[in-house]
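*Asks:* For reference, this is query-v7.cif, and it has mmCIF, C-alpha atoms.
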```cif
data_structure
#
loop_
_atom_site.label_atom_id
_atom_site.label_comp_id
_atom_site.auth_asym_id
_atom_site.auth_seq_id
_atom_site.Cartn_x
_atom_site.Cartn_y
_atom_site.Cartn_z
CA MET K 1 -19.14 10.41 32.12
CA SER K 2 -16.34 7.84 32.26
CA ILE K 3 -15.84 5.53 29.29
CA THR K 4 -16.84 2.55 31.43
CA ARG K 5 -20.11 4.20 32.38
CA HIS K 6 -20.66 5.20 28.75
CA HIS K 7 -20.40 1.61 27.59
CA ASN K 8 -22.46 0.34 30.51
CA GLU K 9 -25.21 2.83 29.63
CA TRP K 10 -25.71 1.57 26.08
CA LEU K 11 -25.35 -2.06 27.19
CA THR K 12 -28.36 -1.61 29.46
CA LEU K 13 -30.36 -0.45 26.43
CA VAL K 14 -29.43 -3.42 24.24
CA PRO K 15 -31.02 -6.68 25.53
CA ASN K 16 -28.68 -9.64 25.29
CA SER K 17 -28.68 -13.27 26.31
CA GLY K 18 -25.60 -15.46 26.43
CA PRO K 19 -22.03 -14.45 25.57
CA PHE K 20 -21.51 -10.87 24.37
CA LEU K 21 -18.95 -8.12 24.84
CA SER K 22 -17.53 -7.53 28.30
CA LEU K 23 -16.97 -4.08 29.76
CA PRO K 24 -13.18 -4.49 30.06
CA VAL K 25 -12.92 -5.44 26.37
CA LEU K 26 -15.22 -2.61 25.32
CA THR K 27 -13.28 0.03 27.23
CA GLN K 28 -10.04 -1.27 25.75
CA ALA K 29 -11.35 -1.50 22.16
CA PHE K 30 -13.30 1.78 22.26
CA PRO K 31 -11.40 4.07 24.67
CA GLN K 32 -13.12 7.13 23.17
CA GLY K 33 -16.56 5.54 23.29
CA LEU K 34 -18.87 4.61 20.43
CA ASP K 35 -18.64 6.21 17.01
CA ALA K 36 -20.11 9.70 16.90
CA HIS K 37 -23.80 10.24 16.17
CA ASP K 38 -24.50 11.00 12.50
CA ALA K 39 -27.43 13.42 12.63
CA GLU K 40 -27.97 13.50 8.85
CA HIS K 41 -28.09 9.72 8.58
CA ALA K 42 -30.43 9.56 11.57
CA ARG K 43 -32.75 12.02 9.83
CA ARG K 44 -32.87 9.90 6.66
CA LEU K 45 -33.37 6.78 8.73
CA ARG K 46 -36.28 8.38 10.59
CA LEU K 47 -38.02 9.26 7.33
CA ALA K 48 -37.48 5.79 5.89
CA PHE K 49 -38.63 4.12 9.09
CA GLY K 50 -41.78 6.24 9.15
CA GLU K 51 -42.66 5.22 5.59
CA TRP K 52 -41.95 1.56 6.33
CA ASP K 53 -43.87 1.66 9.62
CA ASP K 54 -46.94 3.20 8.01
CA ASP K 55 -46.92 0.62 5.22
CA GLN K 56 -46.36 -2.37 7.48
CA SER K 57 -49.12 -1.22 9.82
CA SER K 58 -51.62 -1.08 6.96
CA ASN K 59 -54.02 -3.85 5.98
CA ARG K 60 -51.89 -4.81 2.97
CA PRO K 61 -48.19 -4.33 3.79
CA ASP K 62 -45.99 -4.18 0.69
CA PRO K 63 -43.17 -6.79 0.68
CA ALA K 64 -41.15 -4.50 -1.63
CA ILE K 65 -41.16 -1.68 0.92
CA HIS K 66 -40.24 -4.16 3.64
CA GLY K 67 -37.29 -5.42 1.58
CA ALA K 68 -36.18 -1.89 0.68
CA TRP K 69 -36.14 -0.87 4.36
CA ILE K 70 -34.01 -3.86 5.34
CA LYS K 71 -31.62 -3.24 2.46
CA LEU K 72 -31.32 0.42 3.47
CA VAL K 73 -30.26 -0.56 6.98
CA LEU K 74 -27.81 -3.18 5.72
CA GLY K 75 -26.42 -1.06 2.93
CA GLU K 76 -26.39 2.48 4.31
CA THR K 77 -26.60 2.19 8.08
CA LEU K 78 -24.07 -0.65 8.31
CA GLY K 79 -22.18 0.23 5.12
CA PHE K 80 -22.44 -3.18 3.44
CA GLU K 81 -23.80 -1.83 0.14
CA GLU K 82 -21.02 -3.21 -2.08
CA LEU K 83 -20.46 -6.31 0.02
CA LEU K 84 -23.94 -7.81 0.05
CA ALA K 85 -24.85 -10.86 -2.01
CA GLU K 86 -28.28 -12.41 -2.46
CA GLY K 87 -30.14 -14.92 -4.61
CA GLN K 88 -27.97 -16.77 -7.09
CA ASN K 89 -24.87 -15.02 -5.76
CA ILE K 90 -25.11 -17.01 -2.54
CA PRO K 91 -23.27 -20.36 -2.80
CA GLN K 92 -25.69 -23.28 -2.92
CA THR K 93 -23.56 -25.10 -0.35
CA LEU K 94 -24.32 -22.41 2.22
CA LYS K 95 -27.29 -24.15 3.80
CA SER K 96 -28.50 -26.33 6.65
CA GLU K 97 -30.54 -29.47 6.07
CA ILE K 98 -33.07 -30.25 8.81
CA ALA K 99 -33.62 -33.76 7.51
CA GLU K 100 -36.09 -34.97 10.12
CA TYR K 101 -38.47 -32.14 9.20
CA GLY K 102 -37.69 -31.91 5.51
CA GLU K 103 -36.60 -28.26 5.77
CA THR K 104 -33.58 -26.49 4.31
CA LEU K 105 -32.31 -23.28 5.89
CA ARG K 106 -30.54 -20.68 3.75
CA PRO K 107 -29.54 -17.06 4.29
CA ASP K 108 -31.35 -14.29 2.41
CA TRP K 109 -28.19 -12.16 2.28
CA ILE K 110 -24.53 -12.73 2.97
CA VAL K 111 -21.65 -10.36 3.57
CA ASN K 112 -18.38 -11.38 1.90
CA ASP K 113 -14.89 -10.37 2.94
CA PRO K 114 -13.57 -8.28 0.00
CA THR K 115 -10.03 -9.54 0.61
CA THR K 116 -10.47 -13.23 1.33
CA GLN K 117 -13.91 -13.67 -0.28
CA LYS K 118 -14.95 -15.63 2.79
CA VAL K 119 -18.44 -15.21 4.17
CA ARG K 120 -18.38 -13.21 7.41
CA LEU K 121 -22.06 -12.58 8.13
CA LEU K 122 -25.34 -14.33 7.31
CA VAL K 123 -28.63 -12.44 7.18
CA GLN K 124 -32.16 -13.85 7.37
CA THR K 125 -35.29 -11.74 7.05
CA TYR K 126 -38.90 -12.27 8.14
CA PRO K 127 -42.17 -10.33 7.94
CA ARG K 128 -42.73 -7.73 10.59
CA SER K 129 -45.49 -9.88 12.08
CA GLN K 130 -43.02 -12.68 12.92
CA PRO K 131 -41.48 -12.41 16.42
CA LEU K 132 -37.87 -13.54 16.30
CA SER K 133 -38.15 -15.75 19.39
CA LYS K 134 -41.41 -17.51 18.53
CA PRO K 135 -41.96 -20.47 16.17
CA VAL K 136 -42.47 -19.73 12.50
CA PRO K 137 -46.09 -20.69 11.69
CA LEU K 138 -46.90 -23.21 8.96
CA SER K 139 -43.35 -24.61 9.11
CA ARG K 140 -42.60 -28.28 9.64
CA TRP K 141 -39.83 -27.48 12.08
CA ASN K 142 -41.37 -25.79 15.10
CA ALA K 143 -38.44 -23.44 15.67
CA SER K 144 -38.09 -19.68 16.01
CA PRO K 145 -36.02 -17.44 13.70
CA ASP K 146 -33.24 -17.05 16.27
CA THR K 147 -32.98 -20.83 16.70
CA ARG K 148 -32.99 -21.31 12.93
CA MET K 149 -30.15 -18.85 12.54
CA MET K 150 -28.16 -20.58 15.27
CA GLN K 151 -28.57 -23.91 13.46
CA LEU K 152 -27.59 -22.39 10.12
CA LEU K 153 -24.47 -20.85 11.62
CA HIS K 154 -23.43 -24.11 13.28
CA ASP K 155 -23.88 -26.11 10.09
CA THR K 156 -22.06 -23.62 7.86
CA GLY K 157 -19.23 -22.87 10.29
CA ILE K 158 -19.86 -19.13 10.22
CA ARG K 159 -19.93 -17.41 13.57
CA LEU K 160 -22.21 -14.39 13.17
CA GLY K 161 -25.72 -14.03 11.83
CA LEU K 162 -28.18 -11.16 11.72
CA VAL K 163 -31.88 -11.97 11.75
CA THR K 164 -34.57 -9.29 11.44
CA ASN K 165 -38.25 -8.58 10.94
CA GLY K 166 -37.52 -4.96 10.10
CA ASP K 167 -38.02 -3.62 13.60
CA HIS K 168 -36.20 -6.22 15.71
CA TRP K 169 -32.56 -6.74 14.64
CA MET K 170 -30.90 -9.65 16.43
CA LEU K 171 -27.23 -10.57 16.25
CA VAL K 172 -26.65 -14.29 16.81
CA ASN K 173 -23.18 -15.30 17.96
CA ALA K 174 -22.94 -19.07 17.47
CA LYS K 175 -19.36 -20.24 17.74
CA ARG K 176 -19.17 -24.02 17.47
CA ASN K 177 -19.02 -25.99 20.71
CA GLU K 178 -19.81 -22.88 22.77
CA THR K 179 -22.93 -21.28 24.19
CA SER K 180 -24.70 -19.09 21.66
CA GLY K 181 -25.38 -15.41 22.35
CA TYR K 182 -28.25 -13.21 21.19
CA VAL K 183 -28.15 -9.41 21.11
CA SER K 184 -31.15 -7.28 20.12
CA TRP K 185 -31.60 -3.82 18.68
CA TYR K 186 -34.95 -2.23 17.85
CA ALA K 187 -35.41 0.22 15.00
CA ASN K 188 -38.06 2.22 16.84
CA LEU K 189 -35.64 2.65 19.75
CA TRP K 190 -32.86 3.89 17.44
CA LEU K 191 -34.89 7.07 16.99
CA GLU K 192 -35.71 7.52 20.68
CA GLU K 193 -32.33 6.42 22.08
CA PRO K 194 -29.65 7.38 19.52
CA LEU K 195 -27.07 5.64 21.71
CA THR K 196 -28.49 2.29 20.57
CA LEU K 197 -28.13 3.30 16.92
CA ARG K 198 -24.53 4.33 17.55
CA ALA K 199 -23.86 0.93 19.16
CA PHE K 200 -25.49 -0.88 16.22
CA ARG K 201 -23.35 0.97 13.65
CA THR K 202 -20.15 0.84 15.70
CA LEU K 203 -20.25 -2.90 16.35
CA LEU K 204 -21.88 -4.25 13.18
CA GLY K 205 -20.75 -1.74 10.57
CA ALA K 206 -18.49 -2.68 7.67
CA HIS K 207 -15.56 -0.85 9.25
CA ARG K 208 -15.62 -3.17 12.28
CA PHE K 209 -15.49 -6.19 9.97
CA PHE K 210 -13.01 -5.00 7.37
CA GLY K 211 -11.36 -1.75 8.50
CA VAL K 212 -9.54 -2.92 11.63
CA GLN K 213 -6.99 -5.55 12.60
CA ASP K 214 -8.30 -9.10 12.98
CA THR K 215 -8.02 -8.90 16.77
CA GLU K 216 -10.29 -5.84 16.77
CA THR K 217 -13.10 -7.49 14.81
CA LEU K 218 -16.03 -9.19 16.48
CA ASP K 219 -15.82 -12.61 14.91
CA LEU K 220 -12.23 -13.53 14.03
CA LYS K 221 -9.82 -15.45 16.25
CA ASP K 222 -8.73 -13.53 19.35
CA GLY K 223 -11.19 -10.79 18.40
CA LEU K 224 -13.51 -8.89 20.71
CA LEU K 225 -15.94 -11.76 21.28
CA ASP K 226 -13.16 -14.26 21.96
CA ARG K 227 -11.48 -11.93 24.42
CA SER K 228 -14.80 -11.21 26.10
CA ALA K 229 -15.39 -14.94 26.50
CA GLU K 230 -12.27 -15.05 28.67
CA ASP K 231 -14.00 -12.63 31.04
CA GLN K 232 -17.11 -14.80 31.29
CA GLN K 233 -15.75 -16.87 34.17
CA GLU K 234 -15.18 -13.72 36.19
CA VAL K 235 -18.72 -12.59 35.35
CA THR K 236 -20.10 -16.00 36.31
CA ASP K 237 -18.24 -15.88 39.62
CA GLN K 238 -19.57 -12.39 40.33
CA LEU K 239 -23.16 -13.34 39.51
CA GLY K 240 -22.82 -16.42 41.72
CA TYR K 241 -21.64 -14.20 44.55
CA GLN K 242 -24.57 -11.82 44.01
CA VAL K 243 -27.08 -14.66 44.08
CA ARG K 244 -25.58 -16.09 47.27
CA LYS K 245 -25.80 -12.67 48.87
CA ALA K 246 -29.41 -12.34 47.69
CA VAL K 247 -30.28 -15.69 49.30
CA GLU K 248 -28.73 -14.43 52.52
CA VAL K 249 -30.71 -11.19 52.28
CA LEU K 250 -33.97 -13.12 51.87
CA ILE K 251 -33.20 -15.44 54.78
CA GLN K 252 -32.32 -12.45 56.97
CA ALA K 253 -35.59 -10.77 55.97
CA LEU K 254 -37.58 -13.87 56.85
CA ASP K 255 -35.73 -14.24 60.13
CA LYS K 256 -36.42 -10.61 61.05
CA ALA K 257 -40.11 -11.01 60.25
CA ASP K 258 -40.17 -14.14 62.43
CA GLN K 259 -38.40 -12.29 65.24
CA ASP K 260 -40.82 -9.35 65.00
CA HIS K 261 -43.72 -11.79 65.40
CA GLY K 262 -42.38 -13.54 68.46
CA ARG K 263 -40.80 -16.41 66.54
CA LYS K 264 -44.23 -17.74 65.59
CA LEU K 265 -44.05 -17.39 61.78
CA LEU K 266 -41.29 -19.96 61.25
CA ALA K 267 -41.64 -21.99 64.40
CA ASP K 268 -42.02 -25.29 62.54
CA VAL K 269 -39.55 -24.53 59.73
CA ASP K 270 -36.18 -26.26 59.80
CA GLU K 271 -33.13 -24.14 58.90
CA LYS K 272 -32.31 -26.44 55.98
CA VAL K 273 -35.86 -26.05 54.62
CA LEU K 274 -35.63 -22.28 55.04
CA TYR K 275 -32.43 -22.16 52.98
CA GLU K 276 -33.92 -24.46 50.33
CA ALA K 277 -36.97 -22.21 50.10
CA ALA K 278 -34.86 -19.07 49.64
CA LEU K 279 -32.82 -20.77 46.93
CA THR K 280 -36.01 -21.97 45.23
CA VAL K 281 -37.35 -18.42 45.15
CA MET K 282 -34.20 -17.34 43.28
CA MET K 283 -34.59 -20.26 40.86
CA ARG K 284 -38.19 -19.23 40.23
CA LEU K 285 -37.08 -15.68 39.47
CA VAL K 286 -34.41 -16.93 37.07
CA PHE K 287 -37.06 -18.96 35.25
CA LEU K 288 -39.43 -15.99 35.05
CA PHE K 289 -36.80 -13.54 33.80
CA CYS K 290 -35.70 -15.98 31.11
CA ALA K 291 -39.27 -16.86 30.10
CA GLU K 292 -40.25 -13.20 29.83
CA GLU K 293 -37.14 -12.32 27.86
CA ARG K 294 -37.80 -15.20 25.43
CA GLU K 295 -41.45 -14.10 25.09
CA LEU K 296 -42.68 -17.41 26.55
CA LEU K 297 -44.95 -15.60 29.01
CA LEU K 298 -47.18 -12.57 28.44
CA LEU K 299 -44.68 -9.71 28.82
CA GLY K 300 -46.07 -6.84 26.78
CA ASP K 301 -49.68 -7.46 27.79
CA ASP K 302 -50.78 -4.47 29.87
CA LEU K 303 -52.55 -6.53 32.54
CA TYR K 304 -49.65 -8.97 32.88
CA ASP K 305 -47.07 -6.17 32.98
CA LYS K 306 -48.88 -4.31 35.76
CA ASN K 307 -49.73 -7.28 37.96
CA TYR K 308 -47.44 -10.24 37.28
CA ALA K 309 -44.26 -9.47 35.32
CA VAL K 310 -40.99 -9.60 37.28
CA SER K 311 -39.21 -7.51 34.64
CA THR K 312 -41.55 -4.54 35.06
CA LEU K 313 -41.60 -5.01 38.84
CA ARG K 314 -37.85 -4.47 39.03
CA GLU K 315 -38.14 -1.33 36.90
CA LEU K 316 -40.96 -0.01 39.09
CA LEU K 317 -39.10 -0.62 42.33
CA ARG K 318 -35.85 0.82 41.01
CA THR K 319 -37.63 3.97 39.80
CA THR K 320 -39.23 4.43 43.22
CA ALA K 321 -35.88 3.90 44.95
CA ASP K 322 -34.12 6.39 42.68
CA GLN K 323 -36.82 9.03 43.22
CA HIS K 324 -37.52 8.61 46.93
CA GLY K 325 -34.69 6.49 48.30
CA GLU K 326 -34.60 2.80 49.16
CA GLU K 327 -35.79 3.56 52.68
CA ILE K 328 -39.34 4.05 51.42
CA LEU K 329 -39.24 0.54 49.94
CA GLY K 330 -38.48 -0.84 53.37
CA LEU K 331 -41.91 0.33 54.53
CA ARG K 332 -43.92 -1.42 51.82
CA TYR K 333 -44.66 -5.12 51.34
CA ASP K 334 -46.84 -5.47 48.22
CA ALA K 335 -44.00 -6.62 45.90
CA TRP K 336 -43.58 -9.92 47.75
CA THR K 337 -47.30 -10.60 47.49
CA ARG K 338 -47.10 -9.90 43.76
CA LEU K 339 -44.26 -12.41 43.38
CA LEU K 340 -46.24 -15.10 45.19
CA THR K 341 -49.23 -14.35 42.94
CA THR K 342 -47.03 -14.74 39.85
CA PHE K 343 -45.64 -18.02 41.17
CA ARG K 344 -49.19 -19.31 41.61
CA ALA K 345 -50.23 -18.08 38.15
CA VAL K 346 -47.36 -19.90 36.48
CA TYR K 347 -48.19 -23.10 38.36
CA ALA K 348 -51.98 -23.08 38.09
CA GLY K 349 -52.58 -20.74 35.16
CA ALA K 350 -54.77 -17.65 35.03
CA LYS K 351 -58.10 -17.28 33.30
CA HIS K 352 -59.50 -13.81 32.88
CA ASP K 353 -61.44 -11.98 30.21
CA ARG K 354 -58.29 -9.99 29.46
CA LEU K 355 -55.60 -12.48 30.47
CA LYS K 356 -55.13 -16.17 29.75
CA LEU K 357 -52.04 -17.93 31.05
CA PRO K 358 -51.76 -21.72 30.74
CA ALA K 359 -50.99 -23.81 33.82
CA TYR K 360 -47.40 -25.04 33.69
CA GLY K 361 -47.50 -27.11 36.87
CA GLY K 362 -44.26 -28.73 38.03
CA SER K 363 -42.62 -28.88 41.44
CA LEU K 364 -40.60 -25.65 41.11
CA PHE K 365 -43.65 -23.38 41.45
CA HIS K 366 -45.92 -25.64 43.52
CA PRO K 367 -47.46 -23.38 46.21
CA ASP K 368 -47.55 -26.20 48.76
CA ARG K 369 -43.84 -26.94 48.49
CA PHE K 370 -43.04 -24.13 50.93
CA PRO K 371 -46.41 -23.02 52.33
CA PHE K 372 -44.78 -20.86 55.02
CA LEU K 373 -43.72 -18.38 52.32
CA GLU K 374 -47.42 -17.63 51.93
CA GLY K 375 -47.99 -17.58 55.69
CA ARG K 376 -49.68 -21.00 55.69
CA LYS K 377 -49.06 -23.94 58.00
CA ALA K 378 -47.38 -27.12 56.77
CA GLY K 379 -49.87 -29.62 55.41
CA THR K 380 -52.39 -27.00 54.28
CA CYS K 381 -53.53 -26.75 50.67
CA TRP K 382 -53.21 -23.56 48.68
CA LYS K 383 -56.61 -24.15 47.10
CA ASP K 384 -58.64 -23.93 50.31
CA THR K 385 -56.41 -22.19 52.88
CA GLU K 386 -56.17 -18.43 53.13
CA ALA K 387 -52.70 -17.07 52.53
CA THR K 388 -51.13 -14.40 54.72
CA PRO K 389 -47.81 -13.66 52.97
CA LEU K 390 -44.78 -13.12 55.17
CA PRO K 391 -43.84 -9.43 55.57
CA VAL K 392 -40.94 -9.24 53.12
CA SER K 393 -40.25 -5.62 52.20
CA ASN K 394 -40.14 -4.17 48.71
CA ARG K 395 -36.52 -3.26 49.37
CA THR K 396 -35.65 -6.93 49.86
CA VAL K 397 -37.53 -7.87 46.68
CA LEU K 398 -35.62 -5.23 44.71
CA HIS K 399 -32.31 -6.68 45.93
CA LEU K 400 -33.41 -10.18 44.88
CA LEU K 401 -34.37 -9.03 41.39
CA GLU K 402 -31.29 -6.91 40.84
CA ALA K 403 -28.98 -9.69 41.99
CA LEU K 404 -30.11 -11.60 38.90
CA GLN K 405 -30.30 -8.76 36.40
CA VAL K 406 -27.70 -6.18 37.38
CA LEU K 407 -24.03 -7.11 37.33
CA GLN K 408 -22.01 -5.19 39.89
CA VAL K 409 -18.76 -3.94 38.36
CA ARG K 410 -15.82 -2.33 40.09
CA LEU K 411 -14.58 0.96 38.67
CA PRO K 412 -10.96 2.09 39.01
CA ASP K 413 -11.93 4.37 41.89
CA TRP K 414 -13.40 1.28 43.65
CA ARG K 415 -16.96 2.50 43.54
CA SER K 416 -19.64 0.01 42.60
CA MET K 417 -21.44 0.50 39.33
CA ARG K 418 -24.59 -1.10 37.98
#
```
Could you take the file, read its structure, and then write that structure out as structure tokens?

*Replies:*
Amino acid sequence: MSITRHHNEWLTLVPNSGPFLSLPVLTQAFPQGLDAHDAEHARRLRLAFGEWDDDQSSNRPDPAIHGAWIKLVLGETLGFEELLAEGQNIPQTLKSEIAEYGETLRPDWIVNDPTTQKVRLLVQTYPRSQPLSKPVPLSRWNASPDTRMMQLLHDTGIRLGLVTNGDHWMLVNAKRNETSGYVSWYANLWLEEPLTLRAFRTLLGAHRFFGVQDTETLDLKDGLLDRSAEDQQEVTDQLGYQVRKAVEVLIQALDKADQDHGRKLLADVDEKVLYEAALTVMMRLVFLFCAEERELLLLGDDLYDKNYAVSTLRELLRTTADQHGEEILGLRYDAWTRLLTTFRAVYAGAKHDRLKLPAYGGSLFHPDRFPFLEGRKAGTCWKDTEATPLPVSNRTVLHLLEALQVLQVRLPDWRSMR
């Protein structure tokens, strides 16, 4: 496996949102790949995780065991044992005042630079039951742990923060006056996918903070994150190109369906409206991917995952394509119907014994905005008119989804890589 593919492989296993490390910077900084797997440490980590998991899953989880697990990861896995400070050893000035809500944010741990004594990393911890992207209950400020860490970083002038509930470990990159980035690791996945554990230790370990030149650290000036930010424009341009191509693919698919049906499906649809509809579909997908990633929808619920989620739909279609070839997707049309169903569910809500989704309304998902996508005539109402979705193949749907989630990168041998 090439080094580029190696880094791309672990990147696909580590969910991230916003600015992070680019492939060119990774291949330059780690030409031999991630640090080697430490089997003995992984064994100890597995035992400790099992004990913590059993305790936290019990009726009366022990806060001491929770704290010991987090300290083990910080101290042994990341190597910060002698560099951690907590309690009274954290400067009282290291805080963020949320005056309008009467709340004060402080880190639970900090990591100090042994040479300069400057704070390089803030750590906040939460109970396992607290999702990191959902509001903290019983708090005056209705903000999630990741948002709280971002605010704390901005107000203290420190770039990096690590927030965790023991299982979910999220790195927050919040450089002032720039878009914040969020990168997630999961302790249960460390044991199933050791590559994610290697990435966690390689990037966030003490050696990366204090054992390399400043330009090879994550957080310091002209370091890995700064250099990766310079690549963001190229990434943005590439994603824009992919989305434009996806819009063209959808329009071509609709045009072919219209042609196959004697030009009757889109007879009353203006070309400008057709383009606007295709672009709106992509905007809807962007919304859904973001909402699912931020846990604002029901991703993780079995019924939602199997019938509505766009994230699981892409995985399902890609698996089918990899096993049987994309040609088989060109003969099936159920994925498009599923997308239309999800669009309706987001707009009007869904009430079921096993699934309850609130109605979000709004013009973006309104079914009557482009009724022809559902095979309905202009002027009909989605509530009382039967829908006959246009025959858009599963292959087309896969291309739409991957245009938003899979960045196409050029390798030195000019082959495309996902």

*Asks:* Which protein, DNA or RNA residues have an atom at most 9 Å from (-44.5, -10.0, 35.9), counting all atoms listed in the file? List them as a PyMOL selection string.

*Replies:* chain K and resi 288-289+292+297-299+304-313+338-339+342

*Asks:* Can you measure atom CA of K:Ala48 to atom CA of K:Arg120 for me? One decimal in Å is fine.

*Replies:*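 Pair atom CA of K:Ala48 / atom CA of K:Arg120 returns 27.0 Å.
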
*Asks:* Can you list, as a ChimeraX atom specification, every protein, DNA or RNA residue that comes within 12 Å of stretch 39-41 of chain K when you count only C-alpha atoms, leaving out same-chain residues fewer than 6 positions away?

*Replies:* /K:47-49,72-73,76-79,190-191,194-195,197-198,201

*Asks:* Using only C-alpha atoms, which of the listed residues (K:Leu171, K:Lys118, K:Ala187, K:Arg5) sits closest to K:Trp52?

*Replies:* K:Ala187

*Asks:* What's the 9 Å shell around stretch 143-154 of chain K, counting all atoms listed in the file, without same-chain residues fewer than 2 positions away, as a count of residues only?

*Replies:* 41

*Asks:* Have a look at atom CA of K:Asp334 and atom CA of K:Ala387 and let me know their distance in Å, one decimal.

*Replies:*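 Interatomic distance here is 13.7 Å.
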
*Asks:* Between K:Pro91, K:Gly75, K:Gly223, K:Pro31, single out the one closest to K:Leu45, counting all atoms listed in the file.

*Replies:*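 Among K:Pro91, K:Gly75, K:Gly223, K:Pro31, it is K:Gly75 that comes nearest to K:Leu45.
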
*Asks:* Find the residues around K:Phe80 up to 8 Å (all atoms listed in the file counted), leave out those fewer than 4 positions away in its own chain, and share them as a ChimeraX atom specification.

*Replies:* /K:74-76,84,111,205-206

*Asks:* Any idea what the distance is between atom CA of K:Ser17 and atom CA of K:Gly50?

*Replies:*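 These atoms are spaced 29.1 Å apart.
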
*Asks:* Counting all atoms listed in the file, figure out which residue out of K:Gln405, K:Thr341, K:Asn89, K:Thr236 gets nearest to K:Pro389.

*Replies:* K:Thr341

*Asks:* Contacts of stretch 275-281 of chain K at 8 Å or less, counting only C-alpha atoms, minus same-chain residues fewer than 5 places along, as a PDB file with C-alpha atoms, keeping the file's coordinate frame?

*Replies:*
```
ATOM      1  CA  VAL K 247     -30.280 -15.690  49.300  1.00  0.00           C
ATOM      2  CA  LEU K 250     -33.970 -13.120  51.870  1.00  0.00           C
ATOM      3  CA  ILE K 251     -33.200 -15.440  54.780  1.00  0.00           C
ATOM      4  CA  LEU K 364     -40.600 -25.650  41.110  1.00  0.00           C
ATOM      5  CA  PHE K 370     -43.040 -24.130  50.930  1.00  0.00           C
TER       6      PHE K 370
END
```

*Asks:* Which one is closest to K:Thr385: K:Asp270, K:Gly102, K:Glu81, K:Pro371? Count all atoms listed in the file.

*Replies:* K:Pro371
